[in-house]
Structures are given as structure tokens and as C-alpha cells.
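**Q** One structure is given below, represented as C-alpha cells, and several questions about it will come after.
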Amino acid sequence: MIDVNGSNGRGDRPRLVVIIPAYNEEPTVGRAVAEVPRELPGVGGVEVLVVDDGSRDRTAEAAMAAGADAVIRLRQNAGLTRAFATGLQAAVERGADIVVNTDADCQYDGREIADLIAPILAGEADLVSGDRQVTKLDHMARSKQYGNRFGSWMLRFAAGSTLQDASSGFRAFTRECALRLNPTIGNTYTHQTIVQAVHAGMVVREVPVSFRQSAREGGHSRLISSVAGHIVRSAVTIMRTLVAYRPLAVLGTTGLILLALAALVGLIPLSDVITTGDTSGHLQALITTVALSIAGLVLLLFGFLADAVSANRRVTEELLYRVRKEQAGRIEAAGAEGETSVSGRISDREAPVLIGSGSRSGPFG
Ligand SMILES: Nc1nc2c(ncn2[C@@H]2O[C@H](COP(=O)(O)OP(=O)(O)O)[C@@H](O)[C@H]2O)c(=O)[nH]1
Ligand SMILES: [Mg+2]
């Protein structure tokens, strides 16, 4: 049973923090902030936290003017993955029982946050992702739709995901899930965090959501400049993530397949030797067998090595989880006693939170 109140022990209605990573979004971030409903059934309080990722325009000021509870401003552009990680940690430090992420270009409809968090409130999920049903979207290019479906399929095939739309940015997380995620690679966190959530035993669900045209002038994506390039980058991210989390499944299985192929090809000269006693010829088959065997063995070996590294990662991640949980609880308690004053202002940060390193002087200090 998933207990959305369980982690902070308050026992009252869960608190929601909506994070909005934004990079040069002055014209649209205000609307994205204003669209977040401030009262939701079953929720004790709603806060909006914007992570301004080193914008060169007045994104932070626009967000505050529109009613954001706080803005974390990173001095340099660190990319969406690290901005998102910073937002996740800051949200739990603010006492979030549920964290929702939405985009600053208003593609997601804030009114649908209620639908997004419903499975969490019902205790049925740790991570809920908004399914944009991309094949029904006229404003999304076909190539982008195919790329999206391919990435989602890869994660279903190889990572135990059940999601139809694995790259949606409209997501809700329990506090526990937020503490378990460590997005580190790629220019977007979406694929890696699904693998991490599944790996950590989180219950992942999907609900249908609408996906509007970007409110940004020109409507172009900041993340995806070329669809082909994006597909390649996503495939690399997915492979890196899978090798990190399921090394034996990926490298070991591939190695075994190559060894089986080597054996098959090797049968050709072998059967000749057995039936006719002829040991000449078949040079190509022999070279292929040797090459496949070496490649298979190397992959198998790398699989075992990566598995040993992965065992270390499991321990490190468990430690990181405990440290982050403790740290978030401490900072939240200090905030409740008025020791840190972070609401209603823009706080500058030299660098994004490196998950686990956190902040020493307060949530945004
Ligand atoms: N922090 C950060 N956010 C970014 C960056 N690029 C895009 N974003 C934000 O990520 C969200 C999604 O970006 P967008 O360009 O709309 O990509 P889309 O998912 O292809 O529509 C928006 O809220 C952007 O402001 C970046 O470099 N850093
Ligand atoms: Mg967008």
C-alpha cells in the first residue's frame, strides 16, 4: 500500500508542490504558473516552484509576478535534467508529499493536475505519467510521434515499463518516489527516471492528458532541434540506463546470442569434417566463428563487470536515498520553525543541486 502521508509523519492531508523547470520562458511561464489550481480535492496545500535554469530573460520575475511561491534561479544553464533534479529535491525539502512536474510553455493543462494525482491520492501509484496519446495529435510531426513510440516501446521491451508515452513531462511523484530518483544523464530526464522508478519497485501508472500546442512563439521545442538527432540521443540514453541498471540482461544476453551464432556458423566446417573428413576450406565460416566467439565472450565479460559495478550503485543509491530523506526532513522542520525563509522570493544558486550533495544553509541557500 502506498501511503502518501507516510514519509513525513504529519498524518494530515498531503501537500503538493508543482515544479516548473523553465529556460528563457518569460512570455509563457506566468500563464503556466497561474494555471496551477491552488485548491484540489484531497490535497492540503499547493505550492508552485519554478526552477529558472540560467535564463537570460526575466523568467524568474515573470514567474513571481504570476504568483509562484518560490523561484530557484541557477546562475548558469545546466540543462533540463539537472534543473528537474534540483526541483525534485527542493520540493521534498519544502515538505511535498506529492510532486508534480509540468512545462513552462503551457503544453500541459494545469487543470488536469487533479487527474494526474488521483492514482497517488488513491494509494495506487508512486509515479503517474500523463499519456499525451501522441498519435492523435495533429500538431506533432509524424517523425516525432514515431520517435516517441519507439522510445516508449524500447522501455516496455527492455525495462519492464508499461507506459505508452515514456517521454511525457507531465508527471506526478510521491515523496518516496521523488527521493528515489537520481536523474543524471541526457538532455531530458524522462526515460532514465522511468527505468529508475521501475528498478526501485515503484508502481508506475499512466493517465490520459491533453497536450496543447506550445504557447512559445514559433512553438518550437527547446529540447528537440532535430527529430533524428533526438531519437539517436534518446536511444543512447536508454542504452546507457539499461546497461547501468540491467547489465547482465543487456550485455550478457547479447553476448550469449553472439556465442550461439558462433556455434551455429561453426557447425558448417565441423559437419564437413565429421561427414567427409575434409578439413580444408570454409575459411570464411571459421573466421566468422572466431570473431563472433570473441565478441560474445567480451560482451559476457563486460556484463559481469558491469553487474559488479551495478551492485555498488545499488548500495550508493540506497545511501543517497537515506541521506536525501534525512536532509529533506531536517530542512523542512527548520522551515516550519521559521529558521529558513524561502517563500515569496527568488533565490540564486551558483549551481544546480547535485542530488545528494544538497544545500548546507537551507533549501535554496
Ligand atoms: N531547465 C531547463 N529547462 C529546459 C531547457 N530546455 C527546455 N527546458 C524546459 O523544459 C520544458 C520542455 O521544453 P520544450 O522545449 O517545451 O520541449 P518539448 O518537451 O519538446 O515540448 C520547458 O518547460 C522548458 O522551459 C534547458 O536547457 N534547461
Ligand atoms: Mg514544449
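Chain labels follow the order of the C-alpha cells: the first chain is A, the next B, and so on; residue numbering restarts at 1 in every chain, and ligands are counted from 1 in their shown order.
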Excluding range 243-257 of chain A and residues on its chain fewer than 6 positions from it, collect all residues at most 9 Å away from it, counting only C-alpha atoms, and give them as a PyMOL selection string.
**A** chain A and resi 158-159+195-196+199+293+295-307+309-310+313-314
**Q** Residues of chain A that have any atom at most 6 Å from an atom of ligand 2: could you tabulate them with the shortest-distance atom pair and the distance in Å to one decimal, using only C-alpha atoms and all ligand atoms, ordered by chain and increasing number, as CSV?
**A**
residue,atom,partner,partner_atom_place_in_ligand_line,distance
A:Asp105,CA,ligand 2,1 (Mg),5.5
A:Gln107,CA,ligand 2,1 (Mg),5.8
A:Ser214,CA,ligand 2,1 (Mg),5.4
A:Ser221,CA,ligand 2,1 (Mg),5.4
**Q** Residues up to 6 Å from ligand 1, counting only C-alpha atoms and all ligand atoms: could you list those as a list in words?
**A**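 Within the 6 Å cut-off, the matching residues are Pro21, Ala22, Tyr23, Glu25, Asp53, Gly79, Leu80, Ala83, Asp103, Ala104, Asp105, Ser221, Arg222, Leu223 and Ile224 of chain A.
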**Q** Using N, CA and C atoms, can you write the selected residues to a file as a PDB file, in the first residue's frame?
**A**
ATOM      1  N   PRO A  21      10.352  23.538 -14.479  1.00  0.00           N
ATOM      2  CA  PRO A  21      11.663  23.937 -14.988  1.00  0.00           C
ATOM      3  C   PRO A  21      11.458  24.889 -16.171  1.00  0.00           C
ATOM      4  N   ALA A  22      12.219  25.968 -16.198  1.00  0.00           N
ATOM      5  CA  ALA A  22      11.995  26.954 -17.261  1.00  0.00           C
ATOM      6  C   ALA A  22      13.309  27.550 -17.735  1.00  0.00           C
ATOM      7  N   TYR A  23      13.443  27.612 -19.032  1.00  0.00           N
ATOM      8  CA  TYR A  23      14.640  28.194 -19.620  1.00  0.00           C
ATOM      9  C   TYR A  23      14.217  29.216 -20.668  1.00  0.00           C
ATOM     10  N   GLU A  25      11.733  31.476 -20.623  1.00  0.00           N
ATOM     11  CA  GLU A  25      10.293  31.317 -20.835  1.00  0.00           C
ATOM     12  C   GLU A  25       9.499  32.511 -20.324  1.00  0.00           C
ATOM     13  N   ASP A  53      16.458  28.026 -15.157  1.00  0.00           N
ATOM     14  CA  ASP A  53      17.734  27.386 -15.469  1.00  0.00           C
ATOM     15  C   ASP A  53      18.690  28.338 -16.192  1.00  0.00           C
ATOM     16  N   GLY A  79      20.793  22.615 -17.996  1.00  0.00           N
ATOM     17  CA  GLY A  79      20.050  21.590 -18.734  1.00  0.00           C
ATOM     18  C   GLY A  79      18.866  21.084 -17.930  1.00  0.00           C
ATOM     19  N   LEU A  80      17.887  20.564 -18.671  1.00  0.00           N
ATOM     20  CA  LEU A  80      16.626  20.183 -18.035  1.00  0.00           C
ATOM     21  C   LEU A  80      16.801  19.093 -16.979  1.00  0.00           C
ATOM     22  N   ALA A  83      18.067  20.637 -13.816  1.00  0.00           N
ATOM     23  CA  ALA A  83      17.062  21.564 -13.287  1.00  0.00           C
ATOM     24  C   ALA A  83      15.919  20.770 -12.647  1.00  0.00           C
ATOM     25  N   ASP A 103       5.464  21.699 -17.722  1.00  0.00           N
ATOM     26  CA  ASP A 103       6.355  22.511 -18.543  1.00  0.00           C
ATOM     27  C   ASP A 103       5.973  23.987 -18.517  1.00  0.00           C
ATOM     28  N   ALA A 104       6.951  24.822 -18.843  1.00  0.00           N
ATOM     29  CA  ALA A 104       6.741  26.265 -18.777  1.00  0.00           C
ATOM     30  C   ALA A 104       6.152  26.839 -20.062  1.00  0.00           C
ATOM     31  N   ASP A 105       6.006  25.994 -21.097  1.00  0.00           N
ATOM     32  CA  ASP A 105       5.455  26.534 -22.345  1.00  0.00           C
ATOM     33  C   ASP A 105       3.967  26.189 -22.506  1.00  0.00           C
ATOM     34  N   SER A 221      10.284  23.302 -30.108  1.00  0.00           N
ATOM     35  CA  SER A 221      10.795  22.685 -28.894  1.00  0.00           C
ATOM     36  C   SER A 221      12.218  23.150 -28.623  1.00  0.00           C
ATOM     37  N   ARG A 222      12.520  23.402 -27.328  1.00  0.00           N
ATOM     38  CA  ARG A 222      13.887  23.770 -26.957  1.00  0.00           C
ATOM     39  C   ARG A 222      14.754  22.520 -26.822  1.00  0.00           C
ATOM     40  N   LEU A 223      14.079  21.417 -26.555  1.00  0.00           N
ATOM     41  CA  LEU A 223      14.815  20.184 -26.285  1.00  0.00           C
ATOM     42  C   LEU A 223      15.144  19.435 -27.564  1.00  0.00           C
ATOM     43  N   ILE A 224      14.234  19.553 -28.534  1.00  0.00           N
ATOM     44  CA  ILE A 224      14.385  18.747 -29.741  1.00  0.00           C
ATOM     45  C   ILE A 224      14.565  19.670 -30.936  1.00  0.00           C
TER      46      ILE A 224
END
**Q** Run DSSP on the backbone and give me the residues of range 115-257 of chain A it puts in strand (DSSP E), as a PyMOL selection string.
**A** chain A and resi 127-131+171-174+204-208
**Q** Could you please take those selected residues and save C-alpha atoms as an mmCIF file, in the first residue's frame?
**A**
data_model
loop_
_atom_site.group_PDB
_atom_site.id
_atom_site.type_symbol
_atom_site.label_atom_id
_atom_site.label_comp_id
_atom_site.auth_asym_id
_atom_site.auth_seq_id
_atom_site.Cartn_x
_atom_site.Cartn_y
_atom_site.Cartn_z
ATOM 1 C CA LEU A 127 4.591 7.715 -10.261
ATOM 2 C CA VAL A 128 1.849 8.821 -12.615
ATOM 3 C CA SER A 129 2.746 9.921 -16.108
ATOM 4 C CA GLY A 130 0.431 11.845 -18.431
ATOM 5 C CA ASP A 131 -0.139 9.946 -21.653
ATOM 6 C CA ARG A 171 4.176 13.651 -14.139
ATOM 7 C CA ALA A 172 3.285 13.184 -10.505
ATOM 8 C CA PHE A 173 5.503 11.506 -7.916
ATOM 9 C CA THR A 174 5.052 10.501 -4.320
ATOM 10 C CA VAL A 204 4.105 3.388 -12.323
ATOM 11 C CA ARG A 205 0.779 4.350 -13.884
ATOM 12 C CA GLU A 206 -0.380 6.393 -16.809
ATOM 13 C CA VAL A 207 -3.434 8.594 -17.236
ATOM 14 C CA PRO A 208 -4.557 10.262 -20.477
#
**Q** Which polymer residues have any atom within 6 Å of an atom of range 320-333 of chain A, counting only C-alpha atoms, with same-chain residues fewer than 3 positions away left out, as a list in words?
**A**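 Once the nearby chain positions are removed, what remains is Val92, Glu93, Arg94, Gly95, Leu179, Arg180, Glu317, Ala336 and Gly356 of chain A.
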